[in-house]
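Undergrad: Below is the file final04.pdb, which contains PDB, C-alpha atoms.
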```
ATOM      1  CA  LEU A   1       0.000   0.000   0.000  1.00  0.00           C
ATOM      2  CA  HIS A   2       1.455   3.331  -1.056  1.00  0.00           C
ATOM      3  CA  VAL A   3       0.538   6.450   0.918  1.00  0.00           C
ATOM      4  CA  PRO A   4       1.304   9.728  -0.867  1.00  0.00           C
ATOM      5  CA  LYS A   5       3.898  11.847   0.961  1.00  0.00           C
ATOM      6  CA  ARG A   6       1.453  14.714   1.448  1.00  0.00           C
ATOM      7  CA  ARG A   7      -1.127  12.483   3.174  1.00  0.00           C
ATOM      8  CA  ALA A   8       1.606  10.939   5.331  1.00  0.00           C
ATOM      9  CA  ARG A   9       2.749  14.423   6.442  1.00  0.00           C
ATOM     10  CA  GLU A  10      -0.852  15.413   7.216  1.00  0.00           C
ATOM     11  CA  ALA A  11      -1.310  12.270   9.348  1.00  0.00           C
ATOM     12  CA  VAL A  12       1.836  13.071  11.327  1.00  0.00           C
ATOM     13  CA  ALA A  13       0.819  16.717  11.784  1.00  0.00           C
ATOM     14  CA  SER A  14      -2.630  15.721  13.049  1.00  0.00           C
ATOM     15  CA  SER A  15      -1.084  13.538  15.775  1.00  0.00           C
ATOM     16  CA  LEU A  16       1.050  16.369  17.186  1.00  0.00           C
ATOM     17  CA  THR A  17       0.001  18.131  20.376  1.00  0.00           C
ATOM     18  CA  LYS A  18       0.854  21.679  21.410  1.00  0.00           C
ATOM     19  CA  TRP A  19       2.350  22.511  24.783  1.00  0.00           C
ATOM     20  CA  ARG A  20       3.365  25.746  26.493  1.00  0.00           C
ATOM     21  CA  CYS A  21       6.479  26.133  28.646  1.00  0.00           C
ATOM     22  CA  THR A  22       5.266  27.425  32.046  1.00  0.00           C
ATOM     23  CA  PRO A  23       8.031  26.578  34.525  1.00  0.00           C
ATOM     24  CA  ALA A  24       7.173  27.320  38.143  1.00  0.00           C
ATOM     25  CA  SER A  25      10.769  28.483  38.548  1.00  0.00           C
ATOM     26  CA  GLY A  26      10.429  30.986  35.702  1.00  0.00           C
ATOM     27  CA  ARG A  27      13.613  29.574  34.157  1.00  0.00           C
ATOM     28  CA  ALA A  28      14.050  27.975  30.733  1.00  0.00           C
ATOM     29  CA  ILE A  29      13.961  24.174  30.459  1.00  0.00           C
ATOM     30  CA  ALA A  30      17.055  22.393  29.159  1.00  0.00           C
ATOM     31  CA  ILE A  31      16.160  19.966  26.363  1.00  0.00           C
ATOM     32  CA  ARG A  32      17.254  16.416  27.228  1.00  0.00           C
ATOM     33  CA  LEU A  33      18.664  13.881  24.781  1.00  0.00           C
ATOM     34  CA  THR A  34      16.588  11.109  26.407  1.00  0.00           C
ATOM     35  CA  PRO A  35      13.294  11.012  28.346  1.00  0.00           C
ATOM     36  CA  ASP A  36      15.019  11.377  31.712  1.00  0.00           C
ATOM     37  CA  ILE A  37      14.974  14.452  33.974  1.00  0.00           C
ATOM     38  CA  GLU A  38      18.554  13.738  35.010  1.00  0.00           C
ATOM     39  CA  GLY A  39      19.536  12.901  31.416  1.00  0.00           C
ATOM     40  CA  GLU A  40      22.195  14.745  29.455  1.00  0.00           C
ATOM     41  CA  ASP A  41      20.971  17.992  27.931  1.00  0.00           C
ATOM     42  CA  ASP A  42      21.796  19.062  24.399  1.00  0.00           C
ATOM     43  CA  GLY A  43      22.638  22.658  25.325  1.00  0.00           C
ATOM     44  CA  ASP A  44      19.394  23.999  23.840  1.00  0.00           C
ATOM     45  CA  LEU A  45      16.553  25.495  25.888  1.00  0.00           C
ATOM     46  CA  VAL A  46      12.795  25.988  25.733  1.00  0.00           C
ATOM     47  CA  GLN A  47      12.055  29.481  27.024  1.00  0.00           C
ATOM     48  CA  PRO A  48       9.179  30.278  29.402  1.00  0.00           C
ATOM     49  CA  GLY A  49       6.043  31.100  27.420  1.00  0.00           C
ATOM     50  CA  ALA A  50       7.123  29.225  24.298  1.00  0.00           C
ATOM     51  CA  VAL A  51       4.470  27.110  22.582  1.00  0.00           C
ATOM     52  CA  PHE A  52       5.891  24.014  20.905  1.00  0.00           C
ATOM     53  CA  GLU A  53       4.724  20.859  19.152  1.00  0.00           C
ATOM     54  CA  VAL A  54       5.112  17.433  20.744  1.00  0.00           C
ATOM     55  CA  ALA A  55       5.325  14.216  18.720  1.00  0.00           C
ATOM     56  CA  GLU A  56       5.197  11.800  21.677  1.00  0.00           C
ATOM     57  CA  GLU A  57       4.011  11.914  25.274  1.00  0.00           C
ATOM     58  CA  ARG A  58       5.673   9.216  27.373  1.00  0.00           C
ATOM     59  CA  PRO A  59       4.600   8.519  30.977  1.00  0.00           C
ATOM     60  CA  GLY A  60       7.418   8.378  33.506  1.00  0.00           C
ATOM     61  CA  GLU A  61       7.860   7.872  37.230  1.00  0.00           C
ATOM     62  CA  GLU A  62       6.091  10.053  39.807  1.00  0.00           C
ATOM     63  CA  GLY A  63       3.380  11.071  37.318  1.00  0.00           C
ATOM     64  CA  ILE A  64       5.818  12.921  35.067  1.00  0.00           C
ATOM     65  CA  THR A  65       5.069  12.990  31.340  1.00  0.00           C
ATOM     66  CA  PHE A  66       8.045  13.288  29.018  1.00  0.00           C
ATOM     67  CA  LEU A  67       7.430  15.274  25.858  1.00  0.00           C
ATOM     68  CA  ARG A  68       9.375  14.510  22.660  1.00  0.00           C
ATOM     69  CA  LEU A  69       9.712  17.714  20.676  1.00  0.00           C
ATOM     70  CA  ALA A  70       8.323  17.371  17.149  1.00  0.00           C
ATOM     71  CA  ASP A  71      11.291  19.244  15.686  1.00  0.00           C
ATOM     72  CA  GLY A  72      13.582  16.395  16.770  1.00  0.00           C
ATOM     73  CA  ARG A  73      15.687  18.370  19.269  1.00  0.00           C
ATOM     74  CA  GLY A  74      14.952  16.067  22.201  1.00  0.00           C
ATOM     75  CA  TRP A  75      12.762  15.816  25.313  1.00  0.00           C
ATOM     76  CA  VAL A  76      11.287  18.075  28.002  1.00  0.00           C
ATOM     77  CA  PHE A  77       8.818  17.180  30.758  1.00  0.00           C
ATOM     78  CA  ASP A  78       5.533  18.472  32.164  1.00  0.00           C
ATOM     79  CA  LYS A  79       6.585  18.637  35.832  1.00  0.00           C
ATOM     80  CA  LYS A  80       9.514  18.123  38.131  1.00  0.00           C
ATOM     81  CA  SER A  81       9.040  16.741  41.644  1.00  0.00           C
ATOM     82  CA  ASN A  82      11.140  19.385  43.421  1.00  0.00           C
ATOM     83  CA  THR A  83      10.074  22.318  41.198  1.00  0.00           C
ATOM     84  CA  GLY A  84       6.449  21.838  40.134  1.00  0.00           C
ATOM     85  CA  ILE A  85       4.748  22.425  36.793  1.00  0.00           C
ATOM     86  CA  MET A  86       7.090  22.915  33.839  1.00  0.00           C
ATOM     87  CA  CYS A  87       4.767  22.695  30.794  1.00  0.00           C
ATOM     88  CA  VAL A  88       1.025  22.619  30.183  1.00  0.00           C
ATOM     89  CA  ARG A  89      -1.032  21.576  27.194  1.00  0.00           C
ATOM     90  CA  ALA A  90      -1.674  24.601  24.962  1.00  0.00           C
ATOM     91  CA  GLU A  91      -5.365  24.333  24.278  1.00  0.00           C
ATOM     92  CA  SER A  92      -6.649  27.885  24.092  1.00  0.00           C
ATOM     93  CA  ALA A  93      -6.688  30.109  21.028  1.00  0.00           C
ATOM     94  CA  GLN A  94      -4.428  32.523  22.924  1.00  0.00           C
ATOM     95  CA  ASP A  95      -1.847  29.777  23.473  1.00  0.00           C
ATOM     96  CA  ARG A  96      -1.902  28.855  19.787  1.00  0.00           C
ATOM     97  CA  ALA A  97      -1.520  32.529  18.850  1.00  0.00           C
ATOM     98  CA  LEU A  98       1.624  32.730  21.013  1.00  0.00           C
ATOM     99  CA  GLU A  99       3.438  30.042  19.015  1.00  0.00           C
ATOM    100  CA  PHE A 100       6.831  31.101  17.749  1.00  0.00           C
ATOM    101  CA  ASP A 101      10.122  29.536  16.809  1.00  0.00           C
ATOM    102  CA  VAL A 102      11.611  28.618  20.189  1.00  0.00           C
ATOM    103  CA  THR A 103      15.073  28.249  18.666  1.00  0.00           C
ATOM    104  CA  THR A 104      15.400  31.890  17.622  1.00  0.00           C
ATOM    105  CA  ALA A 105      12.891  34.039  19.505  1.00  0.00           C
ATOM    106  CA  ALA A 106      14.037  36.002  22.512  1.00  0.00           C
ATOM    107  CA  PRO A 107      11.835  35.748  25.622  1.00  0.00           C
ATOM    108  CA  HIS A 108      10.855  39.417  25.369  1.00  0.00           C
ATOM    109  CA  ALA A 109       9.603  38.801  21.807  1.00  0.00           C
ATOM    110  CA  LEU A 110       6.850  36.686  23.324  1.00  0.00           C
ATOM    111  CA  LEU A 111       5.845  39.478  25.680  1.00  0.00           C
ATOM    112  CA  LYS A 112       5.545  41.930  22.811  1.00  0.00           C
ATOM    113  CA  SER A 113       3.691  39.477  20.540  1.00  0.00           C
ATOM    114  CA  ASN A 114       0.992  38.359  22.955  1.00  0.00           C
ATOM    115  CA  GLY A 115      -1.097  41.510  22.770  1.00  0.00           C
ATOM    116  CA  ALA A 116      -0.345  42.567  26.336  1.00  0.00           C
ATOM    117  CA  ARG A 117      -0.205  46.283  27.012  1.00  0.00           C
ATOM    118  CA  PRO A 118       2.720  47.803  28.877  1.00  0.00           C
ATOM    119  CA  SER A 119       1.682  48.863  32.366  1.00  0.00           C
ATOM    120  CA  GLU A 120       4.337  51.539  32.301  1.00  0.00           C
ATOM    121  CA  ALA A 121       6.687  53.099  29.805  1.00  0.00           C
ATOM    122  CA  GLU A 122       9.354  50.783  28.462  1.00  0.00           C
ATOM    123  CA  PRO A 123      12.752  51.348  30.070  1.00  0.00           C
ATOM    124  CA  ASP A 124      15.438  53.198  28.187  1.00  0.00           C
ATOM    125  CA  PRO A 125      17.697  50.461  26.741  1.00  0.00           C
ATOM    126  CA  GLN A 126      20.735  52.707  27.396  1.00  0.00           C
ATOM    127  CA  GLU A 127      19.933  52.909  31.113  1.00  0.00           C
ATOM    128  CA  ALA A 128      19.021  49.282  31.848  1.00  0.00           C
ATOM    129  CA  PRO A 129      19.838  46.986  28.920  1.00  0.00           C
ATOM    130  CA  HIS A 130      19.043  43.892  30.991  1.00  0.00           C
ATOM    131  CA  ALA A 131      15.603  45.041  32.169  1.00  0.00           C
ATOM    132  CA  LEU A 132      12.378  43.979  30.455  1.00  0.00           C
ATOM    133  CA  PRO A 133       9.223  46.101  30.511  1.00  0.00           C
ATOM    134  CA  LYS A 134       6.375  45.105  32.829  1.00  0.00           C
ATOM    135  CA  PHE A 135       3.179  44.056  31.070  1.00  0.00           C
ATOM    136  CA  GLY A 136      -0.382  43.946  32.297  1.00  0.00           C
ATOM    137  CA  LEU A 137      -3.475  42.487  30.685  1.00  0.00           C
TER
END
```
With the file now loaded, output its structure as structure tokens.
TA:
Amino acid sequence: LHVPKRRAREAVASSLTKWRCTPASGRAIAIRLTPDIEGEDDGDLVQPGAVFEVAEERPGEEGITFLRLADGRGWVFDKKSNTGIMCVRAESAQDRALEFDVTTAAPHALLKSNGARPSEAEPDPQEAPHALPKFGL
């Protein structure tokens, strides 16, 4: 039985799920080479707020679900026993609208792209280059 490439790609795309990085710590998640929290990381990160596609959800110990990134970079996880929630399923239209390329987008790009309004004037980049503006909804 021959399945045209286009239909095969559509079948794969329909089985993907979307997740959002929401670490309780507020820090980026290191992508692991294997589905193991203590596993070796590949040096790449998923930034807080990033929405990404998952090709496989694998149950682990202590109720942890390991998430295989659809782009092939490796694995992240939905929670960590000593930290809390790390990622949640991205089910709302707002979550889907926040999707961006997690390999190139800076964290502040997400803040500016999500439609939030600044609660105060943005800081002068010359005065505080490390500071990000505060946003309110």
Undergrad: Pick the closest to A:Thr22 from A:Asn82, A:Gln47, A:Glu57, A:Leu69: which is it, counting only C-alpha atoms?
TA: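 Checking each of A:Asn82, A:Gln47, A:Glu57, A:Leu69 against A:Thr22, counting only C-alpha atoms, the winner is A:Gln47.
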Undergrad: For each of A:Leu33, A:Ala55, A:Ile64, A:Val88, take the minimum atom-to-atom distance to A:Ser15, counting all atoms listed in the file, then give the residue where this is smallest.
TA: A:Ala55
Undergrad: I want to know what sits within 8 Å of A:Thr17, based on all atoms listed in the file, with residues of the same chain fewer than 3 positions away left out; could you give that as a tab-separated table (two decimals) with C-alpha atoms, in the frame of the given file?
TA:
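That gives us selection.tsv:
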```tsv
chain	number	residue	atom	x	y	z
A	53	GLU	CA	4.72	20.86	19.15
A	54	VAL	CA	5.11	17.43	20.74
A	55	ALA	CA	5.32	14.22	18.72
A	89	ARG	CA	-1.03	21.58	27.19
```
Undergrad: Smallest atom-to-atom distance to A:Pro23: which of A:Glu40, A:Trp75, A:Pro48, A:Pro35, using all atoms listed in the file?
TA: A:Pro48
Undergrad: What does the distance from atom CA of A:Gly39 to atom CA of A:Leu16 come to in Å, to one decimal?
TA: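 Rounded to one decimal, the two atoms are 23.6 Å apart.
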Undergrad: Hey, what comes out of the PyMOL selection byres ((chain A and resi 87) around 12) on this file? Could you write it as a PyMOL selection string?
TA: chain A and resi 18-29+46-54+64-67+75-80+83-86+88-90
Undergrad: Return as JSON the box centre and box size in Å, one decimal, for an axis-aligned box around all listed atoms of stretch 74-81 of chain A padded by 4 Å per side.
TA:
```
{"center_x": 10.2, "center_y": 17.2, "center_z": 31.9, "size_x": 17.4, "size_y": 10.8, "size_z": 27.4}
```
Undergrad: At what distance in Å, to one decimal, does atom CA of A:Arg58 lie from atom CA of A:Leu45?
TA: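 Atom-to-atom, atom CA of A:Leu45 and atom CA of A:Arg58 are spaced 19.6 Å apart.
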Undergrad: Kindly give the distance, in Å, that separates atom CA of A:Ile37 and atom CA of A:Glu91, rounded to a single decimal.
TA: 24.6 Å
